[in-house]
$ cat data_11.csv   # CSV, N, CA and C atoms
chain,number,residue,atom,x,y,z
A,1,MET,N,0.8,-1.2,0.0
A,1,MET,CA,0.0,0.0,0.0
A,1,MET,C,0.9,1.2,0.0
A,2,LEU,N,0.7,2.1,-0.9
A,2,LEU,CA,1.5,3.3,-1.1
A,2,LEU,C,1.0,4.4,-0.2
A,3,ILE,N,-0.3,4.5,0.0
A,3,ILE,CA,-0.9,5.6,0.8
A,3,ILE,C,-0.4,5.6,2.3
A,4,PRO,N,-0.4,4.5,3.0
A,4,PRO,CA,0.1,4.5,4.4
A,4,PRO,C,1.5,4.9,4.5
A,5,GLU,N,2.3,4.4,3.5
A,5,GLU,CA,3.7,4.8,3.5
A,5,GLU,C,3.9,6.3,3.3
A,6,LEU,N,3.2,6.9,2.5
A,6,LEU,CA,3.3,8.4,2.3
A,6,LEU,C,2.8,9.1,3.5
A,7,LEU,N,1.8,8.6,4.2
A,7,LEU,CA,1.3,9.3,5.4
A,7,LEU,C,2.4,9.2,6.5
A,8,ARG,N,3.0,8.0,6.6
A,8,ARG,CA,4.1,7.9,7.6
A,8,ARG,C,5.2,8.8,7.3
A,9,LEU,N,5.6,8.9,6.1
A,9,LEU,CA,6.7,9.8,5.7
A,9,LEU,C,6.3,11.3,6.0
A,10,ALA,N,5.1,11.6,5.7
A,10,ALA,CA,4.7,13.0,5.9
A,10,ALA,C,4.6,13.3,7.4
A,11,ALA,N,4.2,12.4,8.2
A,11,ALA,CA,4.2,12.6,9.7
A,11,ALA,C,5.6,12.7,10.2
A,12,GLU,N,6.6,12.0,9.7
A,12,GLU,CA,7.9,12.1,10.2
A,12,GLU,C,8.6,13.3,9.7
A,13,ASP,N,8.3,13.8,8.6
A,13,ASP,CA,9.0,15.0,8.0
A,13,ASP,C,8.1,16.3,8.2
A,14,SER,N,7.3,16.4,9.2
A,14,SER,CA,6.5,17.6,9.4
A,14,SER,C,7.3,18.8,9.6
A,15,GLY,N,8.5,18.7,10.2
A,15,GLY,CA,9.4,19.9,10.3
A,15,GLY,C,9.2,20.6,11.6
A,16,GLY,N,8.0,20.6,12.2
A,16,GLY,CA,7.8,21.4,13.4
A,16,GLY,C,8.1,20.5,14.6
A,17,PRO,N,8.3,21.2,15.8
A,17,PRO,CA,8.5,20.5,17.0
A,17,PRO,C,7.3,19.8,17.5
A,18,ASP,N,7.4,18.6,18.1
A,18,ASP,CA,6.3,17.8,18.6
A,18,ASP,C,6.1,18.3,20.0
A,19,ILE,N,5.0,19.2,20.2
A,19,ILE,CA,4.7,19.8,21.5
A,19,ILE,C,4.3,18.7,22.5
A,20,GLY,N,3.6,17.7,22.1
A,20,GLY,CA,3.2,16.7,23.0
A,20,GLY,C,4.4,15.9,23.6
A,21,LYS,N,5.4,15.7,22.7
A,21,LYS,CA,6.6,15.0,23.2
A,21,LYS,C,7.4,15.9,24.2
A,22,MET,N,7.4,17.2,23.9
A,22,MET,CA,8.1,18.1,24.8
A,22,MET,C,7.5,18.2,26.1
A,23,ILE,N,6.1,18.3,26.1
A,23,ILE,CA,5.4,18.4,27.4
A,23,ILE,C,5.6,17.1,28.2
A,24,GLY,N,5.6,15.9,27.4
A,24,GLY,CA,5.8,14.7,28.1
A,24,GLY,C,7.2,14.6,28.7
A,25,GLN,N,8.2,15.1,28.0
A,25,GLN,CA,9.5,15.1,28.6
A,25,GLN,C,9.6,15.9,29.9
A,26,LEU,N,9.0,17.1,29.8
A,26,LEU,CA,9.0,18.0,31.0
A,26,LEU,C,8.1,17.4,32.1
A,27,ALA,N,7.0,16.7,31.8
A,27,ALA,CA,6.2,16.2,32.9
A,27,ALA,C,6.8,15.0,33.6
A,28,GLN,N,7.7,14.3,33.0
A,28,GLN,CA,8.3,13.2,33.6
A,28,GLN,C,9.2,13.6,34.8
A,29,TYR,N,9.4,14.9,34.9
A,29,TYR,CA,10.2,15.3,36.1
A,29,TYR,C,9.3,15.7,37.3
A,30,GLY,N,8.0,15.4,37.2
A,30,GLY,CA,7.1,15.6,38.3
A,30,GLY,C,6.7,17.1,38.6
A,31,VAL,N,6.8,17.5,39.8
A,31,VAL,CA,6.4,18.8,40.2
A,31,VAL,C,7.3,19.9,39.5
A,32,VAL,N,8.6,19.6,39.4
A,32,VAL,CA,9.5,20.6,38.8
A,32,VAL,C,9.0,20.7,37.3
A,33,GLY,N,8.7,19.7,36.6
A,33,GLY,CA,8.3,19.7,35.3
A,33,GLY,C,6.9,20.5,35.1
A,34,LEU,N,6.0,20.3,36.1
A,34,LEU,CA,4.8,21.0,36.1
A,34,LEU,C,5.0,22.5,36.3
A,35,ILE,N,5.8,22.8,37.2
A,35,ILE,CA,6.1,24.3,37.4
A,35,ILE,C,6.7,24.9,36.2
A,36,VAL,N,7.7,24.2,35.5
A,36,VAL,CA,8.3,24.8,34.3
A,36,VAL,C,7.2,24.9,33.2
A,37,VAL,N,6.3,24.0,33.1
A,37,VAL,CA,5.3,24.1,32.1
A,37,VAL,C,4.4,25.3,32.4
A,38,LEU,N,4.0,25.4,33.7
A,38,LEU,CA,3.1,26.5,34.0
A,38,LEU,C,3.8,27.9,33.9
A,39,LEU,N,5.1,27.9,34.1
A,39,LEU,CA,5.9,29.2,33.8
A,39,LEU,C,5.9,29.5,32.3
A,40,ILE,N,6.1,28.4,31.5
A,40,ILE,CA,6.2,28.7,30.1
A,40,ILE,C,4.9,29.2,29.5
A,41,ILE,N,3.8,28.6,30.0
A,41,ILE,CA,2.5,29.0,29.4
A,41,ILE,C,1.9,30.3,30.1
A,42,GLY,N,2.6,30.7,31.1
A,42,GLY,CA,2.2,32.0,31.7
A,42,GLY,C,1.2,31.9,32.9
A,43,VAL,N,0.9,30.7,33.4
A,43,VAL,CA,0.0,30.6,34.5
A,43,VAL,C,0.6,31.1,35.8
A,44,ILE,N,1.9,30.8,35.9
A,44,ILE,CA,2.7,31.2,37.1
A,44,ILE,C,3.6,32.3,36.6
A,45,VAL,N,3.7,33.4,37.3
A,45,VAL,CA,4.6,34.5,37.0
A,45,VAL,C,5.5,34.8,38.2
A,46,PRO,N,6.8,35.2,38.0
A,46,PRO,CA,7.7,35.5,39.1
A,46,PRO,C,7.2,36.7,39.8
A,47,LYS,N,7.6,36.8,41.1
A,47,LYS,CA,7.2,38.0,41.9
A,47,LYS,C,7.7,39.3,41.4
A,48,TYR,N,8.9,39.4,40.8
A,48,TYR,CA,9.4,40.7,40.3
A,48,TYR,C,8.5,41.1,39.1
A,49,VAL,N,8.1,40.2,38.3
A,49,VAL,CA,7.2,40.5,37.2
A,49,VAL,C,5.9,41.1,37.7
A,50,MET,N,5.3,40.4,38.7
A,50,MET,CA,4.0,40.8,39.2
A,50,MET,C,4.1,42.2,39.9
A,51,SER,N,5.2,42.4,40.6
A,51,SER,CA,5.3,43.7,41.3
A,51,SER,C,5.6,44.8,40.2
A,52,ASN,N,6.3,44.5,39.2
A,52,ASN,CA,6.5,45.5,38.1
A,52,ASN,C,5.1,45.8,37.4
A,53,LEU,N,4.3,44.8,37.2
A,53,LEU,CA,3.0,45.0,36.6
A,53,LEU,C,2.1,45.8,37.5
A,54,LEU,N,2.1,45.6,38.8
A,54,LEU,CA,1.3,46.3,39.8
A,54,LEU,C,1.8,47.8,39.8
A,55,THR,N,3.1,48.0,39.8
A,55,THR,CA,3.6,49.4,39.8
A,55,THR,C,3.2,50.1,38.6
A,56,GLU,N,3.3,49.4,37.4
A,56,GLU,CA,2.9,50.1,36.2
A,56,GLU,C,1.4,50.4,36.2
A,57,LYS,N,0.6,49.4,36.7
A,57,LYS,CA,-0.9,49.7,36.8
A,57,LYS,C,-1.2,50.9,37.6
A,58,ASP,N,-0.5,51.0,38.7
A,58,ASP,CA,-0.7,52.2,39.6
A,58,ASP,C,-0.3,53.5,38.9
A,59,ALA,N,0.8,53.4,38.2
A,59,ALA,CA,1.2,54.6,37.5
A,59,ALA,C,0.2,55.0,36.4
A,60,TRP,N,-0.3,54.1,35.7
A,60,TRP,CA,-1.4,54.4,34.7
A,60,TRP,C,-2.6,54.9,35.3
A,61,ARG,N,-3.0,54.3,36.5
A,61,ARG,CA,-4.2,54.8,37.2
A,61,ARG,C,-4.0,56.3,37.6
A,62,ASP,N,-2.8,56.6,38.2
A,62,ASP,CA,-2.6,57.9,38.6
A,62,ASP,C,-2.6,58.9,37.5
A,63,ALA,N,-2.0,58.5,36.3
A,63,ALA,CA,-2.1,59.4,35.1
A,63,ALA,C,-3.5,59.6,34.7
A,64,PHE,N,-4.3,58.5,34.7
A,64,PHE,CA,-5.7,58.7,34.3
A,64,PHE,C,-6.5,59.6,35.2
A,65,GLU,N,-6.2,59.5,36.5
A,65,GLU,CA,-6.9,60.4,37.5
A,65,GLU,C,-6.5,61.8,37.3
A,66,LYS,N,-5.2,62.1,37.0
A,66,LYS,CA,-4.8,63.5,36.8
A,66,LYS,C,-5.4,64.0,35.5
A,67,GLU,N,-5.5,63.2,34.5
A,67,GLU,CA,-6.0,63.6,33.2
A,67,GLU,C,-7.5,63.9,33.4
A,68,ARG,N,-8.2,63.1,34.2
A,68,ARG,CA,-9.6,63.3,34.4
A,68,ARG,C,-9.9,64.6,35.2
A,69,GLU,N,-9.0,64.9,36.2
A,69,GLU,CA,-9.2,66.1,36.9
A,69,GLU,C,-8.9,67.3,36.0
A,70,ALA,N,-7.9,67.2,35.2
A,70,ALA,CA,-7.6,68.3,34.2
A,70,ALA,C,-8.8,68.6,33.3
A,71,HIS,N,-9.4,67.5,32.8
A,71,HIS,CA,-10.5,67.7,31.9
A,71,HIS,C,-11.7,68.3,32.7
A,72,GLN,N,-11.9,67.9,33.9
A,72,GLN,CA,-13.0,68.5,34.7
A,72,GLN,C,-12.8,70.0,34.9
A,73,LEU,N,-11.5,70.4,35.2
A,73,LEU,CA,-11.2,71.8,35.3
A,73,LEU,C,-11.5,72.5,34.0
A,74,THR,N,-11.1,71.9,32.9
A,74,THR,CA,-11.4,72.5,31.6
A,74,THR,C,-12.9,72.7,31.3
A,75,ARG,N,-13.7,71.7,31.7
A,75,ARG,CA,-15.1,71.7,31.5
A,75,ARG,C,-15.7,72.8,32.4
A,76,GLN,N,-15.2,73.0,33.6
A,76,GLN,CA,-15.7,74.1,34.5
A,76,GLN,C,-15.4,75.4,33.9
A,77,GLN,N,-14.2,75.6,33.4
A,77,GLN,CA,-13.8,76.9,32.8
A,77,GLN,C,-14.6,77.2,31.5
A,78,LEU,N,-14.9,76.2,30.7
A,78,LEU,CA,-15.7,76.4,29.5
A,78,LEU,C,-17.2,76.7,29.9
A,79,ALA,N,-17.7,76.1,31.0
A,79,ALA,CA,-19.0,76.5,31.5
A,79,ALA,C,-19.1,77.9,32.0
A,80,ALA,N,-18.0,78.3,32.7
A,80,ALA,CA,-18.0,79.7,33.2
A,80,ALA,C,-17.9,80.7,32.0
A,81,ALA,N,-17.1,80.4,31.0
A,81,ALA,CA,-17.0,81.2,29.8
A,81,ALA,C,-18.3,81.3,29.1
A,82,GLN,N,-19.0,80.2,29.0
A,82,GLN,CA,-20.3,80.2,28.3
A,82,GLN,C,-21.3,81.0,29.1
A,83,ALA,N,-21.3,80.9,30.4
A,83,ALA,CA,-22.2,81.7,31.2
A,83,ALA,C,-21.9,83.2,31.0
A,84,SER,N,-20.6,83.5,31.0
A,84,SER,CA,-20.3,84.9,30.8
A,84,SER,C,-20.7,85.4,29.4
A,85,ALA,N,-20.6,84.6,28.4
A,85,ALA,CA,-21.0,84.9,27.0
A,85,ALA,C,-22.5,85.1,27.0
A,86,ASP,N,-23.3,84.2,27.7
A,86,ASP,CA,-24.7,84.3,27.8
A,86,ASP,C,-25.1,85.6,28.4
A,87,VAL,N,-24.5,86.0,29.5
A,87,VAL,CA,-24.8,87.3,30.2
A,87,VAL,C,-24.5,88.5,29.3
A,88,ALA,N,-23.4,88.4,28.6
A,88,ALA,CA,-23.1,89.5,27.7
A,88,ALA,C,-24.1,89.6,26.5
A,89,ASN,N,-24.6,88.5,26.0
A,89,ASN,CA,-25.6,88.5,25.0
A,89,ASN,C,-26.9,89.0,25.5
A,90,GLU,N,-27.3,88.6,26.7
A,90,GLU,CA,-28.5,89.2,27.3
A,90,GLU,C,-28.4,90.7,27.5
A,91,GLN,N,-27.3,91.1,28.0
A,91,GLN,CA,-27.1,92.6,28.2
A,91,GLN,C,-27.2,93.3,26.9
A,92,GLY,N,-26.6,92.8,25.8
A,92,GLY,CA,-26.6,93.4,24.5
A,92,GLY,C,-28.1,93.5,24.0
A,93,GLN,N,-28.8,92.4,24.2
A,93,GLN,CA,-30.2,92.4,23.7
A,93,GLN,C,-31.1,93.4,24.5
A,94,ALA,N,-30.8,93.5,25.8
A,94,ALA,CA,-31.5,94.4,26.6
A,94,ALA,C,-31.2,95.9,26.2
A,95,MET,N,-29.9,96.1,25.9
A,95,MET,CA,-29.5,97.5,25.5
A,95,MET,C,-30.2,97.8,24.2
A,96,VAL,N,-30.3,96.9,23.2
A,96,VAL,CA,-31.0,97.1,22.0
A,96,VAL,C,-32.4,97.5,22.2
A,97,ARG,N,-33.1,96.7,23.0
A,97,ARG,CA,-34.5,96.9,23.3
A,97,ARG,C,-34.7,98.3,24.0
A,98,LEU,N,-33.8,98.7,24.9
A,98,LEU,CA,-33.9,100.0,25.6
A,98,LEU,C,-33.7,101.1,24.6
A,99,LEU,N,-32.7,101.0,23.7
A,99,LEU,CA,-32.5,102.0,22.7
A,99,LEU,C,-33.7,102.1,21.7
A,100,GLU,N,-34.3,101.0,21.4
A,100,GLU,CA,-35.4,101.0,20.5
A,100,GLU,C,-36.6,101.7,21.1
A,101,GLU,N,-36.8,101.5,22.5
A,101,GLU,CA,-37.9,102.2,23.2
A,101,GLU,C,-37.7,103.7,23.2
A,102,PHE,N,-36.4,104.1,23.2
A,102,PHE,CA,-36.1,105.6,23.2
A,102,PHE,C,-36.2,106.1,21.8
A,103,GLY,N,-36.5,105.3,20.8
A,103,GLY,CA,-36.6,105.8,19.5
A,103,GLY,C,-35.4,105.7,18.6
A,104,HIS,N,-34.4,105.1,19.1
A,104,HIS,CA,-33.2,104.9,18.3
A,104,HIS,C,-33.3,103.6,17.5
A,105,ARG,N,-32.8,103.7,16.3
A,105,ARG,CA,-32.7,102.5,15.5
A,105,ARG,C,-31.3,101.9,15.5
A,106,PRO,N,-31.1,100.7,15.8
A,106,PRO,CA,-29.7,100.2,15.8
A,106,PRO,C,-29.2,100.1,14.4
A,107,GLN,N,-28.0,100.5,14.2
A,107,GLN,CA,-27.3,100.5,12.9
A,107,GLN,C,-26.6,99.2,12.8
A,108,THR,N,-26.8,98.5,11.7
A,108,THR,CA,-26.1,97.3,11.5
A,108,THR,C,-25.0,97.5,10.5
A,109,ALA,N,-23.9,96.7,10.6
A,109,ALA,CA,-22.8,96.8,9.7
A,109,ALA,C,-23.2,96.2,8.4
A,110,PRO,N,-22.6,96.7,7.3
A,110,PRO,CA,-22.9,96.2,6.0
A,110,PRO,C,-22.6,94.7,5.9
A,111,GLY,N,-23.5,93.9,5.4
A,111,GLY,CA,-23.3,92.5,5.3
A,111,GLY,C,-23.9,91.7,6.4
A,112,SER,N,-24.2,92.4,7.5
A,112,SER,CA,-24.8,91.6,8.6
A,112,SER,C,-26.3,91.8,8.5
A,113,ALA,N,-27.0,90.8,9.0
A,113,ALA,CA,-28.5,90.8,8.9
A,113,ALA,C,-29.0,91.1,10.3
$ encode --input "data_11.csv" --output "structure tokens"
Amino acid sequence: MLIPELLRLAAEDSGGPDIGKMIGQLAQYGVVGLIVVLLIIGVIVPKYVMSNLLTEKDAWRDAFEKEREAHQLTRQQLAAAQASADVANEQGQAMVRLLEEFGHRPQTAPGSA
């Protein structure tokens, strides 16, 4: 049979590492093999890596909080500027109504409606 022979050759010449065989070799060492496998796949991380990640997380959180406070201050300043503009607009409209009651016609600049 030619087909089984070709399949056997293809399986032998796959070129990639046999992960199952590697895990089996590591697992034969018992607990040490299990710990190495867990370290390789990332289930267990060293303490220095975890402390670095926690420090980085805290730094990002602090930066986020500062940025949020800065944006809140910007929003408050924009609201104050809008309130000031609204007051000025109301004052201008009141002045126009007052002048019209006294018989003055407001003059508009050319091109404005």
$ closest_atom_pairs --input "data_11.csv" --of "segment 28-97 of chain A" --to "segment 101-105 of chain A" --cutoff "8 Å" --atoms "only N, CA and C atoms" --output "JSON lines"
{"residue": "A:Met95", "atom": "C", "partner": "A:Glu101", "partner_atom": "N", "distance": 7.8}
{"residue": "A:Val96", "atom": "C", "partner": "A:Glu101", "partner_atom": "N", "distance": 6.0}
{"residue": "A:Arg97", "atom": "C", "partner": "A:Glu101", "partner_atom": "N", "distance": 4.1}
$ atom_distance --input "data_11.csv" --atom1 "atom CA of Ile41 of chain A" --atom2 "atom CA of Gly20 of chain A"
13.9 Å
$ atom_distance --input "data_11.csv" --atom1 "atom CA of Val32 of chain A" --atom2 "atom CA of Ile44 of chain A"
12.7 Å
$ atom_distance --input "data_11.csv" --atom1 "atom CA of Val87 of chain A" --atom2 "atom N of Glu69 of chain A"
28.1 Å
$ decode --input "data_11.csv" --residues "segment 41-88 of chain A" --atoms "C-alpha atoms" --output "mmCIF file, in the first residue's frame"
data_model
loop_
_atom_site.group_PDB
_atom_site.id
_atom_site.type_symbol
_atom_site.label_atom_id
_atom_site.label_comp_id
_atom_site.auth_asym_id
_atom_site.auth_seq_id
_atom_site.Cartn_x
_atom_site.Cartn_y
_atom_site.Cartn_z
ATOM 1 C CA ILE A 41 2.506 29.023 29.382
ATOM 2 C CA GLY A 42 2.221 32.013 31.747
ATOM 3 C CA VAL A 43 -0.025 30.621 34.468
ATOM 4 C CA ILE A 44 2.673 31.250 37.079
ATOM 5 C CA VAL A 45 4.640 34.506 36.990
ATOM 6 C CA PRO A 46 7.677 35.483 39.064
ATOM 7 C CA LYS A 47 7.203 37.956 41.934
ATOM 8 C CA TYR A 48 9.360 40.666 40.326
ATOM 9 C CA VAL A 49 7.221 40.535 37.177
ATOM 10 C CA MET A 50 4.023 40.801 39.202
ATOM 11 C CA SER A 51 5.349 43.711 41.276
ATOM 12 C CA ASN A 52 6.462 45.497 38.085
ATOM 13 C CA LEU A 53 2.993 45.015 36.605
ATOM 14 C CA LEU A 54 1.313 46.332 39.752
ATOM 15 C CA THR A 55 3.615 49.371 39.815
ATOM 16 C CA GLU A 56 2.883 50.071 36.158
ATOM 17 C CA LYS A 57 -0.859 49.657 36.758
ATOM 18 C CA ASP A 58 -0.735 52.159 39.619
ATOM 19 C CA ALA A 59 1.214 54.638 37.481
ATOM 20 C CA TRP A 60 -1.355 54.384 34.675
ATOM 21 C CA ARG A 61 -4.209 54.814 37.162
ATOM 22 C CA ASP A 62 -2.578 57.948 38.625
ATOM 23 C CA ALA A 63 -2.072 59.372 35.140
ATOM 24 C CA PHE A 64 -5.714 58.656 34.308
ATOM 25 C CA GLU A 65 -6.934 60.358 37.484
ATOM 26 C CA LYS A 66 -4.788 63.464 36.809
ATOM 27 C CA GLU A 67 -6.042 63.629 33.233
ATOM 28 C CA ARG A 68 -9.646 63.320 34.387
ATOM 29 C CA GLU A 69 -9.156 66.119 36.929
ATOM 30 C CA ALA A 70 -7.594 68.318 34.242
ATOM 31 C CA HIS A 71 -10.531 67.695 31.918
ATOM 32 C CA GLN A 72 -12.969 68.468 34.710
ATOM 33 C CA LEU A 73 -11.221 71.798 35.297
ATOM 34 C CA THR A 74 -11.392 72.535 31.563
ATOM 35 C CA ARG A 75 -15.118 71.740 31.519
ATOM 36 C CA GLN A 76 -15.704 74.069 34.473
ATOM 37 C CA GLN A 77 -13.799 76.884 32.759
ATOM 38 C CA LEU A 78 -15.747 76.369 29.532
ATOM 39 C CA ALA A 79 -19.035 76.461 31.454
ATOM 40 C CA ALA A 80 -17.983 79.711 33.176
ATOM 41 C CA ALA A 81 -16.981 81.225 29.813
ATOM 42 C CA GLN A 82 -20.313 80.153 28.295
ATOM 43 C CA ALA A 83 -22.213 81.704 31.203
ATOM 44 C CA SER A 84 -20.257 84.926 30.757
ATOM 45 C CA ALA A 85 -21.026 84.947 27.033
ATOM 46 C CA ASP A 86 -24.714 84.334 27.756
ATOM 47 C CA VAL A 87 -24.789 87.267 30.188
ATOM 48 C CA ALA A 88 -23.086 89.538 27.655
#
